[in-house]
Amino acid sequence: MLDTSHYAVLGLAPGASTEDIKKAHRRLVLKWHPDKVQDPEDEIAVKVATQQFQLIQAAYEVLTDPLQRHKYDQTCHKSASAPTAWKRPRYEQPAAWKSEDPPAGWATGEKTTIRVPADAPSVAAAVDCLPVNGGTIWVQPGKYVGLVVISKPFVKIIGCGADPKQVEIKGQVVFRECALGSKLQGLNVNTSCTGGAVDLKGVRGNITIEGCHISNEISAGIIFEGCSGETKIDRCHVVDCKYDGLGLHLLKGNTSHQGKIEVTNSSFERNGYDGMYLGDPRFEVTVTSCSIKANKRHGICVRGSKFEIAESFLIDNGQNPIHKEEFKASTFKPTTKIGTNTNDNARENRARELGSSDLPEGWRAFRTAEGLTYYYQSSTGATRWSHPSEACEKQSFPVQDSVASNVADTGQKERVEAD
């Protein structure tokens, strides 16, 4: 039985009883219903909730119908017992429209191909049109503005230009939750956002980023936070980002998450912090045949991740080509509070305030020991990960679990300017 199935969506094992399915469905509906989103102005949260709710409903409908479930289980078992070899195809400009079938465990709808702009005006709109089992989005040369959120599986977004720069996404591409089997290919992701231009947070599953040009004027290029699974980055160029080209960070220290990142034939150049920052000890990272050049700080900063490099060039970086730091276990605890003095390493775990002139009145920006940026409202004590807007300035947001409520005092004592 595939672990990428309706059972996985509901957090159940194959053979679960109908009562267990109903209980899991009720619990997840309460968590992911779009109306339950704490901040309705947070576009990412709303889109993720909508897609997850669709996945939950699709799983429930199949697994509570005896006939559909029997047919579904037979299909999954057949697919799992006779796996086919997989080989990554060589990237070429597509010669014809085509789509790929998802694994049998997700084959709950017709395979779908969407063409942009012929069938949908933007990439974001095309993702929203795909069914729960994903599909392939072919993007013609042009500029497409808007936030792209991928939280359902097997979504492939493929640029049809002879050069990636011909197919430009002027906005952030966000992967969340159950984005397994998804892929970006032949795109120019050019944005100005506070997260990563390509942002993976809490993703369960394997992602491929291939033949893409990525830049971010006010933050990082590719960001991983609290992810698991395997990610392949091949023939990509991550350049001119304000912070790290690639940042691998802890989210809440969930030790059950493990992952691998394979970076090949790619370049990380002229980024404002490190070419790569590898700060999650649960990950293995391999770098092969890459150019890591002219980054402001280190070429690669390794802080806990298992790391191997071969046949790569690291030149003209501001400090060390490869800089290694000891990973301190205290920062790996999900209950560690910013600004407390419970151990000798407390000072190192505190958030540091970032100087910023583009924040609304009353808002302040902080950076955690793991390199994550969040925002604090002085008058209400509210915190959020995304940049505050005029709309959010008028309302209160709940404090995140991973951010302590006493950040203000810590920030005043340890105020620093961003590099």
# chains A, B, ... in the order shown; residues from 1 in each chain; ligands from 1
>>> select_by_dssp(residues="stretch 27-220 of chain A", states="alpha helix (DSSP H)", output="number ranges by chain")
A: 27-32, 43-63, 66-81, 123-129
>>> residues_around(residues="A:Val123", least_positions_apart="2", cutoff="12 Å", atoms="only C-alpha atoms", output="PyMOL selection string")
chain A and resi 114-121+125-130+136-150+155-159+167-173+184+187+189
>>> atom_distance(atom1="atom CA of A:Phe53", atom2="atom CA of A:Pro34")
7.5 Å
>>> residues_around(residues="A:Glu311", least_positions_apart="6", cutoff="9 Å", atoms="only C-alpha atoms", output="compact mmCIF listing (two decimals) with N, CA and C atoms, in the first residue's frame")
# COMPACT_ATOMS: atom_id res chain seq x y z
N VAL A 287 25.95 18.37 -2.45
CA VAL A 287 26.14 19.43 -3.45
C VAL A 287 27.14 18.92 -4.48
N THR A 288 26.73 18.86 -5.73
CA THR A 288 27.58 18.31 -6.79
C THR A 288 27.57 19.23 -8.01
N SER A 289 28.76 19.52 -8.50
CA SER A 289 28.93 20.30 -9.74
C SER A 289 28.21 21.64 -9.67
N CYS A 290 28.44 22.38 -8.59
CA CYS A 290 27.78 23.67 -8.40
C CYS A 290 28.80 24.81 -8.34
>>> residues_around(residues="A:Glu210", least_positions_apart="4", cutoff="7 Å", atoms="only C-alpha atoms", output="list in words")
Leu184, Gln185, Gly186, Ile233, Asp234, Arg235 and Cys236 of chain A
>>> atom_distance(atom1="atom CA of A:Phe224", atom2="atom CA of A:His323")
19.4 Å
>>> residues_around(residues="A:Leu30", least_positions_apart="5", cutoff="12 Å", atoms="only C-alpha atoms", output="list in words")
Lys23, Ala24, His25, Asp35, Lys36, Val37, Ala49, Gln52, Phe53 and Ile56 of chain A
>>> write_last_selection(atoms="N, CA and C atoms", output="mmCIF file, in the first residue's frame")
data_model
loop_
_atom_site.group_PDB
_atom_site.id
_atom_site.type_symbol
_atom_site.label_atom_id
_atom_site.label_comp_id
_atom_site.auth_asym_id
_atom_site.auth_seq_id
_atom_site.Cartn_x
_atom_site.Cartn_y
_atom_site.Cartn_z
ATOM 1 N N LYS A 23 -13.875 9.575 12.647
ATOM 2 C CA LYS A 23 -13.258 10.363 13.707
ATOM 3 C C LYS A 23 -12.118 11.226 13.167
ATOM 4 N N ALA A 24 -11.274 10.617 12.318
ATOM 5 C CA ALA A 24 -10.157 11.366 11.744
ATOM 6 C C ALA A 24 -10.667 12.504 10.864
ATOM 7 N N HIS A 25 -11.732 12.244 10.131
ATOM 8 C CA HIS A 25 -12.309 13.260 9.262
ATOM 9 C C HIS A 25 -12.825 14.442 10.083
ATOM 10 N N ASP A 35 -12.915 28.419 7.020
ATOM 11 C CA ASP A 35 -13.513 29.401 7.925
ATOM 12 C C ASP A 35 -12.820 29.445 9.287
ATOM 13 N N LYS A 36 -11.966 28.450 9.564
ATOM 14 C CA LYS A 36 -11.279 28.384 10.852
ATOM 15 C C LYS A 36 -9.917 29.088 10.824
ATOM 16 N N VAL A 37 -9.507 29.609 9.685
ATOM 17 C CA VAL A 37 -8.213 30.291 9.589
ATOM 18 C C VAL A 37 -8.210 31.486 10.541
ATOM 19 N N ALA A 49 -5.403 26.036 3.701
ATOM 20 C CA ALA A 49 -6.568 25.427 4.341
ATOM 21 C C ALA A 49 -7.562 24.921 3.300
ATOM 22 N N GLN A 52 -6.094 21.717 1.660
ATOM 23 C CA GLN A 52 -6.100 20.593 2.592
ATOM 24 C C GLN A 52 -7.521 20.096 2.856
ATOM 25 N N PHE A 53 -8.466 21.019 2.934
ATOM 26 C CA PHE A 53 -9.860 20.632 3.148
ATOM 27 C C PHE A 53 -10.372 19.800 1.975
ATOM 28 N N ILE A 56 -8.979 16.262 2.303
ATOM 29 C CA ILE A 56 -9.652 15.522 3.376
ATOM 30 C C ILE A 56 -11.022 15.041 2.912
#
>>> select_by_dssp(residues="stretch 49-282 of chain A", states="strand (DSSP E or B)", output="PDB file with C-alpha atoms, in the first residue's frame")
ATOM      1  CA  THR A 113      -3.638  19.538 -18.094  1.00  0.00           C
ATOM      2  CA  ILE A 114      -4.005  23.313 -17.833  1.00  0.00           C
ATOM      3  CA  ARG A 115      -2.402  25.797 -20.210  1.00  0.00           C
ATOM      4  CA  VAL A 116      -1.528  29.308 -19.107  1.00  0.00           C
ATOM      5  CA  GLY A 135      -1.938  17.745 -12.702  1.00  0.00           C
ATOM      6  CA  THR A 136       0.391  19.530 -15.094  1.00  0.00           C
ATOM      7  CA  ILE A 137       0.391  23.265 -15.749  1.00  0.00           C
ATOM      8  CA  TRP A 138       2.134  24.395 -18.950  1.00  0.00           C
ATOM      9  CA  VAL A 139       3.095  28.070 -18.878  1.00  0.00           C
ATOM     10  CA  GLY A 142       5.235  35.995 -20.341  1.00  0.00           C
ATOM     11  CA  LYS A 143       5.004  37.643 -16.916  1.00  0.00           C
ATOM     12  CA  TYR A 144       2.513  36.269 -14.385  1.00  0.00           C
ATOM     13  CA  VAL A 145       1.846  38.203 -11.190  1.00  0.00           C
ATOM     14  CA  VAL A 148       1.329  30.629  -6.018  1.00  0.00           C
ATOM     15  CA  VAL A 149       0.428  28.200  -3.199  1.00  0.00           C
ATOM     16  CA  ILE A 150       0.880  24.437  -3.648  1.00  0.00           C
ATOM     17  CA  VAL A 155       1.322  19.648  -9.066  1.00  0.00           C
ATOM     18  CA  LYS A 156       3.792  20.223 -11.882  1.00  0.00           C
ATOM     19  CA  ILE A 157       4.369  23.765 -13.167  1.00  0.00           C
ATOM     20  CA  ILE A 158       6.465  23.746 -16.329  1.00  0.00           C
ATOM     21  CA  GLY A 159       7.640  26.750 -18.318  1.00  0.00           C
ATOM     22  CA  VAL A 167       8.514  32.550 -18.185  1.00  0.00           C
ATOM     23  CA  GLU A 168       8.470  34.912 -15.205  1.00  0.00           C
ATOM     24  CA  ILE A 169       6.464  34.478 -12.011  1.00  0.00           C
ATOM     25  CA  LYS A 170       6.390  37.862 -10.303  1.00  0.00           C
ATOM     26  CA  VAL A 173       5.916  30.216  -4.872  1.00  0.00           C
ATOM     27  CA  VAL A 174       4.898  28.506  -1.626  1.00  0.00           C
ATOM     28  CA  PHE A 175       4.891  24.769  -0.875  1.00  0.00           C
ATOM     29  CA  ARG A 176       3.026  23.624   2.241  1.00  0.00           C
ATOM     30  CA  SER A 182       5.318  18.474  -7.014  1.00  0.00           C
ATOM     31  CA  LYS A 183       7.704  20.110  -9.459  1.00  0.00           C
ATOM     32  CA  LEU A 184       8.835  23.492 -10.785  1.00  0.00           C
ATOM     33  CA  GLN A 185      10.633  23.522 -14.115  1.00  0.00           C
ATOM     34  CA  ASN A 188      11.970  32.643 -13.500  1.00  0.00           C
ATOM     35  CA  VAL A 189      10.726  33.257  -9.945  1.00  0.00           C
ATOM     36  CA  ASN A 190      11.482  36.939  -9.410  1.00  0.00           C
ATOM     37  CA  THR A 191       9.910  38.438  -6.317  1.00  0.00           C
ATOM     38  CA  VAL A 198      10.465  29.509  -3.292  1.00  0.00           C
ATOM     39  CA  ASP A 199       9.246  28.788   0.241  1.00  0.00           C
ATOM     40  CA  LEU A 200       8.840  25.310   1.724  1.00  0.00           C
ATOM     41  CA  LYS A 201       7.453  25.173   5.265  1.00  0.00           C
ATOM     42  CA  ARG A 204       5.704  16.342   3.706  1.00  0.00           C
ATOM     43  CA  ILE A 207       9.818  18.251  -4.423  1.00  0.00           C
ATOM     44  CA  THR A 208      11.791  18.866  -7.628  1.00  0.00           C
ATOM     45  CA  ILE A 209      13.036  22.323  -8.675  1.00  0.00           C
ATOM     46  CA  GLU A 210      14.648  22.107 -12.079  1.00  0.00           C
ATOM     47  CA  HIS A 213      16.131  31.188 -12.136  1.00  0.00           C
ATOM     48  CA  ILE A 214      15.328  32.471  -8.613  1.00  0.00           C
ATOM     49  CA  SER A 215      15.852  35.880  -6.986  1.00  0.00           C
ATOM     50  CA  ASN A 216      14.350  37.867  -4.092  1.00  0.00           C
ATOM     51  CA  ILE A 222      14.899  28.963  -1.500  1.00  0.00           C
ATOM     52  CA  ILE A 223      13.821  28.406   2.113  1.00  0.00           C
ATOM     53  CA  PHE A 224      13.152  25.131   3.954  1.00  0.00           C
ATOM     54  CA  GLU A 225      11.545  25.249   7.418  1.00  0.00           C
ATOM     55  CA  SER A 228      10.651  16.229   5.526  1.00  0.00           C
ATOM     56  CA  GLY A 229      11.184  14.171   2.387  1.00  0.00           C
ATOM     57  CA  GLU A 230      13.616  14.496  -0.506  1.00  0.00           C
ATOM     58  CA  THR A 231      14.133  17.622  -2.595  1.00  0.00           C
ATOM     59  CA  LYS A 232      16.091  17.762  -5.840  1.00  0.00           C
ATOM     60  CA  ILE A 233      17.456  21.090  -7.093  1.00  0.00           C
ATOM     61  CA  ASP A 234      18.994  20.760 -10.545  1.00  0.00           C
ATOM     62  CA  HIS A 237      20.447  29.767 -10.616  1.00  0.00           C
ATOM     63  CA  VAL A 238      19.774  31.490  -7.282  1.00  0.00           C
ATOM     64  CA  VAL A 239      21.198  34.993  -7.484  1.00  0.00           C
ATOM     65  CA  LEU A 246      19.329  28.567   0.093  1.00  0.00           C
ATOM     66  CA  GLY A 247      18.308  28.477   3.758  1.00  0.00           C
ATOM     67  CA  LEU A 248      17.634  25.217   5.600  1.00  0.00           C
ATOM     68  CA  HIS A 249      16.092  26.019   8.994  1.00  0.00           C
ATOM     69  CA  GLY A 259      14.978  14.751   4.794  1.00  0.00           C
ATOM     70  CA  LYS A 260      17.519  15.008   2.027  1.00  0.00           C
ATOM     71  CA  ILE A 261      18.422  17.799  -0.355  1.00  0.00           C
ATOM     72  CA  GLU A 262      20.347  17.025  -3.533  1.00  0.00           C
ATOM     73  CA  VAL A 263      21.731  20.072  -5.348  1.00  0.00           C
ATOM     74  CA  THR A 264      23.343  19.519  -8.754  1.00  0.00           C
ATOM     75  CA  SER A 267      24.771  28.297  -9.014  1.00  0.00           C
ATOM     76  CA  PHE A 268      24.313  30.453  -5.908  1.00  0.00           C
ATOM     77  CA  GLU A 269      25.804  33.869  -6.538  1.00  0.00           C
ATOM     78  CA  MET A 276      23.745  28.138   1.404  1.00  0.00           C
ATOM     79  CA  TYR A 277      22.834  28.046   5.100  1.00  0.00           C
ATOM     80  CA  LEU A 278      22.379  24.449   6.326  1.00  0.00           C
TER      81      LEU A 278
END
>>> residues_around(residues="A:Asn271", least_positions_apart="6", cutoff="12 Å", atoms="only C-alpha atoms", output="count of residues only")
34
>>> closest_residue(among="A:Tyr60, A:Phe307, A:Trp385, A:Phe366", to="A:Lys22", atoms="only C-alpha atoms")
A:Tyr60
>>> decode(residues="stretch 51-73 of chain A", atoms="N, CA and C atoms", output="mmCIF file, in the first residue's frame")
data_model
loop_
_atom_site.group_PDB
_atom_site.id
_atom_site.type_symbol
_atom_site.label_atom_id
_atom_site.label_comp_id
_atom_site.auth_asym_id
_atom_site.auth_seq_id
_atom_site.Cartn_x
_atom_site.Cartn_y
_atom_site.Cartn_z
ATOM 1 N N GLN A 51 -6.998 23.946 0.159
ATOM 2 C CA GLN A 51 -6.498 22.761 -0.529
ATOM 3 C C GLN A 51 -6.494 21.535 0.389
ATOM 4 N N GLN A 52 -6.094 21.717 1.660
ATOM 5 C CA GLN A 52 -6.100 20.593 2.592
ATOM 6 C C GLN A 52 -7.521 20.096 2.856
ATOM 7 N N PHE A 53 -8.466 21.019 2.934
ATOM 8 C CA PHE A 53 -9.860 20.632 3.148
ATOM 9 C C PHE A 53 -10.372 19.800 1.975
ATOM 10 N N GLN A 54 -9.980 20.177 0.757
ATOM 11 C CA GLN A 54 -10.377 19.409 -0.423
ATOM 12 C C GLN A 54 -9.807 17.991 -0.383
ATOM 13 N N LEU A 55 -8.544 17.859 0.037
ATOM 14 C CA LEU A 55 -7.919 16.540 0.146
ATOM 15 C C LEU A 55 -8.640 15.671 1.165
ATOM 16 N N ILE A 56 -8.979 16.262 2.303
ATOM 17 C CA ILE A 56 -9.652 15.522 3.376
ATOM 18 C C ILE A 56 -11.022 15.041 2.912
ATOM 19 N N GLN A 57 -11.769 15.915 2.245
ATOM 20 C CA GLN A 57 -13.100 15.550 1.767
ATOM 21 C C GLN A 57 -13.031 14.442 0.719
ATOM 22 N N ALA A 58 -12.050 14.539 -0.192
ATOM 23 C CA ALA A 58 -11.905 13.511 -1.233
ATOM 24 C C ALA A 58 -11.584 12.156 -0.611
ATOM 25 N N ALA A 59 -10.685 12.150 0.376
ATOM 26 C CA ALA A 59 -10.332 10.893 1.050
ATOM 27 C C ALA A 59 -11.543 10.306 1.765
ATOM 28 N N TYR A 60 -12.294 11.151 2.437
ATOM 29 C CA TYR A 60 -13.464 10.692 3.201
ATOM 30 C C TYR A 60 -14.521 10.090 2.272
ATOM 31 N N GLU A 61 -14.765 10.736 1.155
ATOM 32 C CA GLU A 61 -15.799 10.256 0.233
ATOM 33 C C GLU A 61 -15.455 8.880 -0.329
ATOM 34 N N VAL A 62 -14.174 8.652 -0.629
ATOM 35 C CA VAL A 62 -13.770 7.351 -1.179
ATOM 36 C C VAL A 62 -13.772 6.275 -0.104
ATOM 37 N N LEU A 63 -13.209 6.571 1.059
ATOM 38 C CA LEU A 63 -13.005 5.532 2.073
ATOM 39 C C LEU A 63 -14.255 5.194 2.867
ATOM 40 N N THR A 64 -15.301 5.993 2.799
ATOM 41 C CA THR A 64 -16.552 5.661 3.497
ATOM 42 C C THR A 64 -17.579 5.025 2.570
ATOM 43 N N ASP A 65 -17.254 4.901 1.301
ATOM 44 C CA ASP A 65 -18.119 4.210 0.348
ATOM 45 C C ASP A 65 -17.541 2.806 0.121
ATOM 46 N N PRO A 66 -18.231 1.752 0.521
ATOM 47 C CA PRO A 66 -17.660 0.397 0.446
ATOM 48 C C PRO A 66 -17.170 0.013 -0.952
ATOM 49 N N LEU A 67 -17.947 0.328 -1.981
ATOM 50 C CA LEU A 67 -17.549 -0.050 -3.325
ATOM 51 C C LEU A 67 -16.322 0.737 -3.790
ATOM 52 N N GLN A 68 -16.352 2.060 -3.561
ATOM 53 C CA GLN A 68 -15.207 2.872 -3.958
ATOM 54 C C GLN A 68 -13.945 2.471 -3.189
ATOM 55 N N ARG A 69 -14.115 2.189 -1.904
ATOM 56 C CA ARG A 69 -12.949 1.828 -1.098
ATOM 57 C C ARG A 69 -12.345 0.496 -1.550
ATOM 58 N N HIS A 70 -13.192 -0.495 -1.848
ATOM 59 C CA HIS A 70 -12.692 -1.786 -2.314
ATOM 60 C C HIS A 70 -11.907 -1.626 -3.616
ATOM 61 N N LYS A 71 -12.461 -0.873 -4.548
ATOM 62 C CA LYS A 71 -11.768 -0.647 -5.821
ATOM 63 C C LYS A 71 -10.472 0.124 -5.613
ATOM 64 N N TYR A 72 -10.528 1.111 -4.723
ATOM 65 C CA TYR A 72 -9.359 1.941 -4.432
ATOM 66 C C TYR A 72 -8.242 1.110 -3.800
ATOM 67 N N ASP A 73 -8.596 0.265 -2.822
ATOM 68 C CA ASP A 73 -7.601 -0.574 -2.151
ATOM 69 C C ASP A 73 -6.953 -1.547 -3.129
#
